[in-house]
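Here is the file final_38.pdb (PDB, C-alpha atoms).
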ATOM      1  CA  MET N 282      12.545  17.050 -28.951
ATOM      2  CA  LEU N 283      11.489  17.138 -25.326
ATOM      3  CA  SER N 284       8.263  15.362 -24.471
ATOM      4  CA  ILE N 285       5.782  16.773 -21.955
ATOM      5  CA  GLU N 286       6.793  13.934 -19.597
ATOM      6  CA  GLU N 287      10.471  14.930 -19.753
ATOM      7  CA  ILE N 288       9.610  18.603 -19.198
ATOM      8  CA  GLN N 289       7.454  17.745 -16.174
ATOM      9  CA  LEU N 290      10.193  15.523 -14.761
ATOM     10  CA  LEU N 291      12.764  18.306 -15.142
ATOM     11  CA  ILE N 292      10.404  20.733 -13.395
ATOM     12  CA  ASP N 293      10.029  18.264 -10.516
ATOM     13  CA  LYS N 294      13.806  17.895 -10.187
ATOM     14  CA  LEU N 295      14.493  21.654 -10.266
ATOM     15  CA  GLU N 296      11.831  22.336  -7.646
ATOM     16  CA  LYS N 297      13.322  19.683  -5.395
ATOM     17  CA  ILE N 298      16.940  20.949  -5.495
ATOM     18  CA  LYS N 299      16.346  24.646  -4.894
ATOM     19  CA  LYS N 300      19.295  26.342  -3.128
ATOM     20  CA  GLU N 301      19.531  29.939  -1.968
ATOM     21  CA  ASP N 302      22.594  30.691  -4.119
ATOM     22  CA  LEU N 303      20.879  29.227  -7.191
ATOM     23  CA  GLN N 304      17.431  30.599  -6.465
ATOM     24  CA  LYS N 305      17.410  33.270  -9.150
ATOM     25  CA  LEU N 306      18.758  30.954 -11.866
ATOM     26  CA  ILE N 307      16.451  28.098 -10.943
ATOM     27  CA  ASN N 308      13.365  30.307 -10.740
ATOM     28  CA  SER N 309      14.148  31.759 -14.149
ATOM     29  CA  ASN N 310      14.529  28.308 -15.730
ATOM     30  CA  LEU N 311      11.486  26.974 -13.916
ATOM     31  CA  LYS N 312       9.329  29.739 -15.361
ATOM     32  CA  ILE N 313      10.557  28.977 -18.887
ATOM     33  CA  LEU N 314       9.984  25.249 -18.446
ATOM     34  CA  LYS N 315       6.546  25.657 -16.891
ATOM     35  CA  ASP N 316       5.450  27.978 -19.685
ATOM     36  CA  LEU N 317       6.784  25.466 -22.206
ATOM     37  CA  ALA N 318       5.045  22.572 -20.443
ATOM     38  CA  ILE N 319       1.708  24.417 -20.561
ATOM     39  CA  ALA N 320       2.178  25.181 -24.260
ATOM     40  CA  VAL N 321       3.126  21.602 -25.150
ATOM     41  CA  ASP N 322       0.319  20.176 -23.043
ATOM     42  CA  ALA N 323      -2.278  22.440 -24.673
ATOM     43  CA  ASN N 324      -0.922  21.675 -28.134
ATOM     44  CA  ASN N 325      -1.120  17.953 -27.554
ATOM     45  CA  GLN N 326      -4.573  17.818 -25.957
ATOM     46  CA  ASP N 327      -6.441  17.129 -29.203
ATOM     47  CA  GLU N 328      -4.030  14.327 -30.067
ATOM     48  CA  ILE N 329      -4.378  12.837 -26.574
ATOM     49  CA  ASN N 330      -8.159  12.801 -26.968
ATOM     50  CA  ARG N 331      -7.814  10.964 -30.269
ATOM     51  CA  LEU N 332      -5.533   8.412 -28.656
ATOM     52  CA  ASP N 333      -7.888   7.469 -25.809
ATOM     53  CA  LYS N 334      -7.633   3.767 -25.113
ATOM     54  CA  THR N 335     -10.789   1.903 -26.031
ATOM     55  CA  LEU N 336     -12.348  -1.094 -24.318
ATOM     56  CA  ASP N 337     -10.991  -3.251 -27.135
ATOM     57  CA  TRP N 338      -7.497  -1.862 -26.472
ATOM     58  CA  PHE N 339      -7.721  -3.013 -22.852
ATOM     59  CA  ARG N 340      -9.002  -6.413 -23.983
ATOM     60  CA  MET N 341      -5.988  -6.818 -26.252
ATOM     61  CA  ASP N 342      -3.645  -5.572 -23.534
ATOM     62  CA  LEU N 343      -4.944  -8.215 -21.106
ATOM     63  CA  LYS N 344      -4.567 -10.910 -23.760
ATOM     64  CA  ILE N 345      -0.954  -9.920 -24.409
ATOM     65  CA  LYS N 346      -0.162  -9.840 -20.683
ATOM     66  CA  LYS N 347      -1.688 -13.285 -20.204
ATOM     67  CA  GLU N 348       0.457 -14.745 -22.975
ATOM     68  CA  LYS N 349       3.693 -13.116 -21.816
ATOM     69  CA  LEU N 350       6.092 -14.861 -19.439
ATOM     70  CA  THR N 351       4.972 -13.875 -15.945
ATOM     71  CA  ASN N 352       7.418 -12.582 -13.359
ATOM     72  CA  LYS N 353       6.656 -15.147 -10.675
ATOM     73  CA  LEU N 354       8.992 -13.582  -8.130
ATOM     74  CA  LEU N 355       7.299 -10.190  -8.449
ATOM     75  CA  ILE N 356       3.864 -11.811  -8.096
ATOM     76  CA  HIS N 357       5.042 -13.609  -4.956
ATOM     77  CA  MET N 358       6.290 -10.359  -3.421
ATOM     78  CA  ILE N 359       2.987  -8.589  -4.134
ATOM     79  CA  GLU N 360       1.033 -11.528  -2.689
ATOM     80  CA  THR N 361       3.214 -11.360   0.426
ATOM     81  CA  LYS N 362       2.149  -7.753   0.871
ATOM     82  CA  ILE N 363      -1.547  -8.540   0.354
ATOM     83  CA  ASN N 364      -1.397 -11.389   2.857
ATOM     84  CA  GLN N 365      -0.304  -9.001   5.593
ATOM     85  CA  PHE N 366      -3.741  -7.373   5.432
ATOM     86  CA  ALA N 367      -5.654 -10.679   5.496
ATOM     87  CA  LYS N 368      -5.717 -11.046   9.272
ATOM     88  CA  THR N 369      -9.480 -10.859   9.777
ATOM     89  CA  ASN N 370     -12.653 -11.934   7.978
ATOM     90  CA  MET N 371     -14.780  -9.299   9.688
ATOM     91  CA  TYR N 372     -14.609  -7.008   6.668
ATOM     92  CA  ASN N 373     -14.470  -7.028   2.884
ATOM     93  CA  SER N 374     -11.887  -6.288   0.230
ATOM     94  CA  LEU N 375     -12.085  -4.312  -3.011
ATOM     95  CA  GLU N 376      -9.838  -4.909  -6.008
ATOM     96  CA  ILE N 377      -9.846  -2.231  -8.707
ATOM     97  CA  GLY N 378      -8.939  -3.590 -12.137
ATOM     98  CA  PRO N 379      -8.553  -7.337 -11.396
ATOM     99  CA  GLY N 380      -7.823  -8.050 -15.077
ATOM    100  CA  ASN N 381      -6.835 -11.692 -15.491
ATOM    101  CA  GLY N 382      -7.213 -12.400 -11.771
ATOM    102  CA  MET N 383      -3.516 -12.782 -11.101
ATOM    103  CA  PHE N 384      -3.931 -12.229  -7.353
ATOM    104  CA  HIS N 385      -7.309 -13.899  -6.802
ATOM    105  CA  LYS N 386      -6.026 -16.512  -4.327
ATOM    106  CA  SER N 387      -4.887 -13.793  -1.952
ATOM    107  CA  PHE N 388      -8.465 -12.573  -1.430
ATOM    108  CA  LEU N 389      -9.946 -15.819  -0.092
ATOM    109  CA  PRO N 390      -9.594 -14.776   3.595
ATOM    110  CA  TRP N 391     -11.973 -11.794   3.338
ATOM    111  CA  ARG N 392     -15.687 -12.101   4.067
ATOM    112  CA  LEU N 393     -16.745 -10.595   0.732
ATOM    113  CA  ASN N 394     -14.618  -9.740  -2.288
ATOM    114  CA  TYR N 395     -15.698  -6.710  -4.305
ATOM    115  CA  PHE N 396     -14.265  -6.288  -7.812
ATOM    116  CA  LEU N 397     -14.405  -3.213 -10.026
ATOM    117  CA  ASP N 398     -13.459  -3.238 -13.714
ATOM    118  CA  ILE N 399     -14.378  -1.549 -16.995
ATOM    119  CA  LEU N 400     -14.788  -4.827 -18.941
ATOM    120  CA  PRO N 401     -18.066  -6.720 -18.375
ATOM    121  CA  GLU N 402     -16.513 -10.097 -19.252
ATOM    122  CA  ILE N 403     -14.107  -9.845 -16.303
ATOM    123  CA  GLU N 404     -16.771 -11.178 -13.928
ATOM    124  CA  GLY N 405     -17.042 -14.536 -15.704
ATOM    125  CA  ARG N 406     -13.273 -14.784 -15.991
ATOM    126  CA  ILE N 407     -12.673 -14.133 -12.291
ATOM    127  CA  ARG N 408     -15.513 -16.369 -11.086
ATOM    128  CA  LYS N 409     -13.942 -19.357 -12.841
ATOM    129  CA  LEU N 410     -10.872 -18.945 -10.642
ATOM    130  CA  PHE N 411     -12.802 -19.380  -7.380
ATOM    131  CA  PRO N 412     -14.307 -22.666  -6.087
ATOM    132  CA  PRO N 413     -18.119 -23.113  -6.227
ATOM    133  CA  GLN N 414     -18.556 -22.636  -2.486
ATOM    134  CA  HIS N 415     -16.929 -19.191  -2.697
ATOM    135  CA  GLN N 416     -19.111 -17.780  -5.499
ATOM    136  CA  LYS N 417     -21.630 -16.197  -3.121
ATOM    137  CA  TYR N 418     -18.843 -14.113  -1.596
ATOM    138  CA  LEU N 419     -17.907 -12.434  -4.901
ATOM    139  CA  LYS N 420     -19.482  -9.107  -5.870
ATOM    140  CA  PHE N 421     -18.756  -7.421  -9.222
ATOM    141  CA  TYR N 422     -19.271  -3.827 -10.314
ATOM    142  CA  LEU N 423     -18.783  -2.279 -13.714
ATOM    143  CA  ALA N 424     -17.034   1.079 -13.841
ATOM    144  CA  GLY N 425     -17.740   3.712 -16.456
ATOM    145  CA  PHE N 426     -14.981   4.209 -18.986
ATOM    146  CA  SER N 427     -13.094   7.513 -18.842
ATOM    147  CA  VAL N 428      -9.410   6.753 -18.348
ATOM    148  CA  TYR N 429      -8.100  10.056 -19.679
ATOM    149  CA  THR N 430     -10.727  12.483 -18.424
ATOM    150  CA  THR N 431      -9.327  15.643 -16.850
ATOM    151  CA  SER N 432     -12.665  16.819 -15.535
ATOM    152  CA  THR N 433     -14.153  15.789 -12.205
ATOM    153  CA  ASP N 434     -15.177  12.192 -12.732
ATOM    154  CA  LYS N 435     -18.155  10.837 -10.792
ATOM    155  CA  THR N 436     -18.369   7.459 -12.495
ATOM    156  CA  PHE N 437     -16.650   5.543  -9.734
ATOM    157  CA  GLU N 438     -18.572   7.343  -7.008
ATOM    158  CA  ASN N 439     -21.935   6.577  -8.610
ATOM    159  CA  MET N 440     -21.068   2.940  -9.246
ATOM    160  CA  ALA N 441     -19.481   2.393  -5.854
ATOM    161  CA  SER N 442     -22.579   3.666  -4.082
ATOM    162  CA  ALA N 443     -23.751   0.036  -4.270
ATOM    163  CA  ILE N 444     -20.854  -0.956  -2.015
ATOM    164  CA  PRO N 445     -21.870  -0.350   1.603
ATOM    165  CA  GLN N 446     -20.256   2.539   3.397
ATOM    166  CA  ASN N 447     -17.424   1.594   5.777
ATOM    167  CA  SER N 448     -17.525  -2.022   4.601
ATOM    168  CA  CYS N 449     -13.949  -2.652   3.417
ATOM    169  CA  ASN N 450     -10.737  -2.760   5.378
ATOM    170  CA  PHE N 451      -8.543  -3.242   2.285
ATOM    171  CA  VAL N 452      -8.483  -1.780  -1.230
ATOM    172  CA  PHE N 453      -5.982  -3.149  -3.731
ATOM    173  CA  SER N 454      -5.056  -2.263  -7.298
ATOM    174  CA  TRP N 455      -2.146  -3.381  -9.475
ATOM    175  CA  ASP N 456      -1.443  -2.429 -13.094
ATOM    176  CA  THR N 457      -4.427  -0.075 -13.237
ATOM    177  CA  PHE N 458      -3.620   3.307 -11.670
ATOM    178  CA  PRO N 459      -0.588   3.883 -13.961
ATOM    179  CA  PHE N 460      -3.146   4.370 -16.766
ATOM    180  CA  PHE N 461      -4.931   7.156 -14.850
ATOM    181  CA  THR N 462      -4.243  10.877 -14.924
ATOM    182  CA  GLN N 463      -3.334  12.474 -11.619
ATOM    183  CA  GLU N 464      -6.773  14.116 -11.528
ATOM    184  CA  HIS N 465      -8.408  10.718 -11.995
ATOM    185  CA  ILE N 466      -6.301   9.205  -9.194
ATOM    186  CA  GLN N 467      -7.336  12.055  -6.901
ATOM    187  CA  GLN N 468     -11.011  11.357  -7.607
ATOM    188  CA  TYR N 469     -10.632   7.621  -7.033
ATOM    189  CA  LEU N 470      -8.889   8.112  -3.697
ATOM    190  CA  THR N 471     -11.595  10.558  -2.650
ATOM    191  CA  ASP N 472     -14.366   8.116  -3.545
ATOM    192  CA  ILE N 473     -12.615   5.147  -1.915
ATOM    193  CA  LYS N 474     -12.784   6.904   1.462
ATOM    194  CA  ARG N 475     -16.532   6.279   1.604
ATOM    195  CA  ILE N 476     -16.204   2.495   1.638
ATOM    196  CA  LEU N 477     -13.134   2.191   3.878
ATOM    197  CA  ILE N 478     -13.536   1.631   7.583
ATOM    198  CA  PRO N 479     -11.522   3.875   9.937
ATOM    199  CA  GLY N 480      -8.047   2.372   9.791
ATOM    200  CA  GLY N 481      -8.672   0.651   6.437
ATOM    201  CA  TYR N 482      -5.701   0.283   4.098
ATOM    202  CA  CYS N 483      -5.023   0.811   0.393
ATOM    203  CA  LEU N 484      -2.206  -0.792  -1.584
ATOM    204  CA  ILE N 485      -1.969   0.951  -4.952
ATOM    205  CA  HIS N 486       0.471   0.462  -7.839
ATOM    206  CA  TYR N 487       1.429   3.714  -9.574
ATOM    207  CA  ALA N 488       3.896   5.066 -12.147
ATOM    208  CA  ASP N 489       7.009   6.880 -10.913
ATOM    209  CA  CYS N 490       8.544   8.671 -13.894
ATOM    210  CA  HIS N 491      11.692   9.490 -11.941
ATOM    211  CA  PHE N 492      12.727   6.049 -13.219
ATOM    212  CA  ASP N 493      13.629   5.501 -16.864
ATOM    213  CA  TYR N 494      11.293   2.502 -17.245
ATOM    214  CA  ASP N 495       8.218   4.378 -16.052
ATOM    215  CA  LEU N 496       9.132   7.506 -18.005
ATOM    216  CA  HIS N 497       9.521   5.427 -21.167
ATOM    217  CA  GLU N 498       6.045   3.931 -20.660
ATOM    218  CA  ALA N 499       4.588   7.439 -20.220
ATOM    219  CA  LYS N 500       6.420   8.870 -23.243
ATOM    220  CA  ARG N 501       5.130   6.159 -25.539
ATOM    221  CA  GLY N 502       1.568   6.793 -24.326
ATOM    222  CA  TYR N 503       1.102   3.487 -22.528
ATOM    223  CA  TRP N 504       0.968   4.942 -18.999
ATOM    224  CA  ASN N 505       0.139   8.428 -17.749
ATOM    225  CA  TYR N 506       2.793  10.657 -16.235
ATOM    226  CA  ASN N 507       3.181  10.503 -12.448
ATOM    227  CA  THR N 508       5.969  10.587  -9.865
ATOM    228  CA  LYS N 509       6.446   9.515  -6.263
ATOM    229  CA  ASP N 510       6.373  13.142  -5.104
ATOM    230  CA  ARG N 511       3.124  13.840  -6.935
ATOM    231  CA  MET N 512       1.520  10.602  -5.749
ATOM    232  CA  LYS N 513       2.517  11.452  -2.182
ATOM    233  CA  LYS N 514       0.885  14.874  -2.542
ATOM    234  CA  ILE N 515      -2.330  13.346  -3.928
ATOM    235  CA  ILE N 516      -2.530  10.876  -1.032
ATOM    236  CA  GLU N 517      -1.880  13.551   1.593
ATOM    237  CA  ASN N 518      -4.332  15.978  -0.028
ATOM    238  CA  THR N 519      -6.995  13.277   0.291
ATOM    239  CA  ASN N 520      -6.251  13.068   4.042
ATOM    240  CA  TYR N 521      -4.825   9.562   4.127
ATOM    241  CA  GLN N 522      -1.927   8.493   6.327
ATOM    242  CA  ILE N 523       1.008   7.264   4.240
ATOM    243  CA  ILE N 524       2.501   4.063   5.623
ATOM    244  CA  GLU N 525       4.941   3.060   2.909
ATOM    245  CA  MET N 526       6.015   4.179  -0.569
ATOM    246  CA  GLU N 527       8.516   1.776  -2.083
ATOM    247  CA  GLN N 528       9.128  -0.325  -5.167
ATOM    248  CA  PHE N 529       9.905  -3.939  -5.961
ATOM    249  CA  LYS N 530      11.681  -2.727  -9.105
ATOM    250  CA  PRO N 531      11.251   0.135 -11.627
ATOM    251  CA  GLY N 532       7.725  -0.111 -12.988
ATOM    252  CA  ALA N 533       6.541  -1.837  -9.812
ATOM    253  CA  ASN N 534       6.120   1.128  -7.466
ATOM    254  CA  TYR N 535       3.493   0.965  -4.753
ATOM    255  CA  ALA N 536       1.972   3.125  -2.043
ATOM    256  CA  ILE N 537       0.408   1.788   1.148
ATOM    257  CA  PHE N 538      -1.774   4.269   2.992
ATOM    258  CA  LYS N 539      -4.676   4.153   5.412
ATOM    259  CA  GLU N 540      -7.835   5.961   6.365
ATOM    260  CA  PRO N 541      -7.297   7.553   9.814
ATOM    261  CA  GLY N 542      -8.795   5.543  12.657
ATOM    262  CA  ASN N 543      -8.356   2.373  14.681
ATOM    263  CA  GLN N 544     -11.349   0.220  13.769
ATOM    264  CA  ASN N 545      -9.301  -2.186  11.646
ATOM    265  CA  PRO N 546      -8.076  -5.262  13.577
ATOM    266  CA  ALA N 547      -5.499  -5.928  10.827
ATOM    267  CA  VAL N 548      -2.438  -3.761  11.452
ATOM    268  CA  TYR N 549       0.206  -3.581   8.739
ATOM    269  CA  LYS N 550       3.878  -3.578   9.720
ATOM    270  CA  LYS N 551       6.345  -2.260   7.172
ATOM    271  CA  ASP N 552       9.017  -4.673   6.007
ATOM    272  CA  GLU N 553      11.952  -4.391   3.678
ATOM    273  CA  ILE N 554      11.135  -7.082   1.082
ATOM    274  CA  THR N 555      12.347  -5.971  -2.353
ATOM    275  CA  ILE N 556      13.704  -7.607  -5.489
ATOM    276  CA  ASP N 557      16.373  -6.539  -7.933
TER
END

Mind turning the file's structure into structure tokens?
Amino acid sequence: MLSIEEIQLLIDKLEKIKKEDLQKLINSNLKILKDLAIAVDANNQDEINRLDKTLDWFRMDLKIKKEKLTNKLLIHMIETKINQFAKTNMYNSLEIGPGNGMFHKSFLPWRLNYFLDILPEIEGRIRKLFPPQHQKYLKFYLAGFSVYTTSTDKTFENMASAIPQNSCNFVFSWDTFPFFTQEHIQQYLTDIKRILIPGGYCLIHYADCHFDYDLHEAKRGYWNYNTKDRMKKIIENTNYQIIEMEQFKPGANYAIFKEPGNQNPAVYKKDEITID
């Protein structure tokens, strides 16, 4: 039986390969698939609501990730990317969903480090990773919990109002946005614009269900469905400039984009670092 993720992926593929000689056939099949996708999505909505991930689920997920063998090469490649934005201490950074603090060392160069998470105990966990003299440069904010909401979500906007406007030149998030719906991602990117300086960058990990690994994670309910094409559309609709959309490997897809402007003294240059 086709899942909603597989139906959506097929719709994406058919829309992408439209040809004049196949237009009638493709349009006919697209209509059938879109109608089916709407029906399946509506039918599953109650079940999705019942399967919302709780705070305790995220606590257990972090515990499991901490105990698993870490992909050190992947971490190194992500850190290499982060370090390319750490060329000035004039501004601050924001990490969304720091979790176990895997990338904490990379944020030492910034003047202030803002952290946003849904778990209140994350602050104590992250603070232990930084030396005593750096504690005054760490600022923590607790986000409201609504991972699967499909309505306009103002939780992040209300919370982030404590972060000064135009104060950050870099926003980073890894292993967090794949859990969000596309509507939720849109709202986050909209709200992030308030705190970015002109020319500020974002480096965001997302799910690309054109790849079997990501699609599998979406089908089993671990991640939410997304693709590179849809992520690109969300970013462009929020009036960011896309700099790079690549992957280190399936499941490790990232987008680098910036707020228009030239105030940022740190200028990112695209490279070709990838891993198999």

Residues picked by the PyMOL selection byres ((chain N and resi 524) around 7) here, as a VMD selection string?
-> chain N and resid 522 to 523 525 537 to 538

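Under the PyMOL selection byres ((chain N and resi 392) around 12), the matching residues in the shown file are N:Ala367, N:Lys368, N:Thr369, N:Asn370, N:Met371, N:Tyr372, N:Asn373, N:Ser374, N:Leu375, N:Phe388, N:Leu389, N:Pro390, N:Trp391, N:Leu393, N:Asn394, N:Tyr395, N:His415, N:Gln416, N:Lys417, N:Tyr418, N:Leu419, N:Lys420, N:Ser448, N:Cys449, N:Asn450, N:Phe451.
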
Identify, on the basis of all atoms listed in the file, every residue whose closest approach to Pro379 (chain N) does not exceed 10 Å; exclude the query and any residue fewer than 6 positions from it along the same chain; express the result as a PyMOL selection string.
-> chain N and resi 385+396-399+403-404+406-407+453-457

Give me, please, the distance in Å between CA of Glu498 (chain N) and CA of Ile292 (chain N), quoted to one decimal.
->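 Between these atoms lies a distance of 18.8 Å.
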
So which one's closest to Trp338 (chain N), N:His491, N:Lys353, N:Tyr503, N:Asp293? Using only C-alpha atoms, please.
->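 Checking each candidate against Trp338 (chain N), we get N:Tyr503 as the closest.
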
Output the residue selection produced by the PyMOL selection byres ((chain N and resi 489) around 6) on the file above, formatted as a PyMOL selection string.
-> chain N and resi 488+490-491+495+507-509

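Note that the spacing between CA of Thr471 (chain N) and CA of Cys483 (chain N) amounts to 12.1 Å.
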
Write out as a ChimeraX atom specification each polymer residue whose atoms come within 7 Å of Tyr494 (chain N), counting all atoms listed in the file; drop sequence neighbours fewer than 3 positions from it.
-> /N:497-498,531-532

Nearest to Tyr422 (chain N) among N:Leu400, N:Ala533, N:Leu410, N:Val452, with distances taken over all atoms listed in the file: which residue is it?
-> N:Leu400

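Among N:Phe529, N:Glu517, N:Gln289, N:Leu314, the residue with the shortest atom-to-atom distance to Ile356 (chain N), counting all atoms listed in the file, is N:Phe529.
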
What are the centre and the three edge lengths of an axis-aligned box that wraps all atoms of region 537-553 of chain N in the file, given that 8 Å is added to every side, written as AutoDock Vina command-line options and rounded to one decimal in Å?
--center_x 0.3 --center_y 0.8 --center_z 7.9 --size_x 39.3 --size_y 29.5 --size_z 29.5

Go ahead and compute the interatomic distance for CA of Phe460 (chain N) and CA of Tyr506 (chain N), in Å to one decimal.
->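 Computing it gives 8.7 Å between the two atoms.
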
For Tyr482 (chain N), which residue among N:Arg511, N:Arg340, N:Lys550, N:His357 is the nearest when counting all atoms listed in the file?
->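 Looking at the shortest contact to Tyr482 (chain N), the residue is N:Lys550.
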
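Counting all atoms listed in the file, the residue from N:Val548, N:Gly502, N:Asp493, N:His486 that sits nearest to Asn534 (chain N) is N:His486.
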
Using only C-alpha atoms, which residue out of N:Tyr535, N:Phe339, N:Phe492, N:Phe458 lies closest to Gly380 (chain N)?
->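 Closest to Gly380 (chain N), using only C-alpha atoms: N:Phe339.
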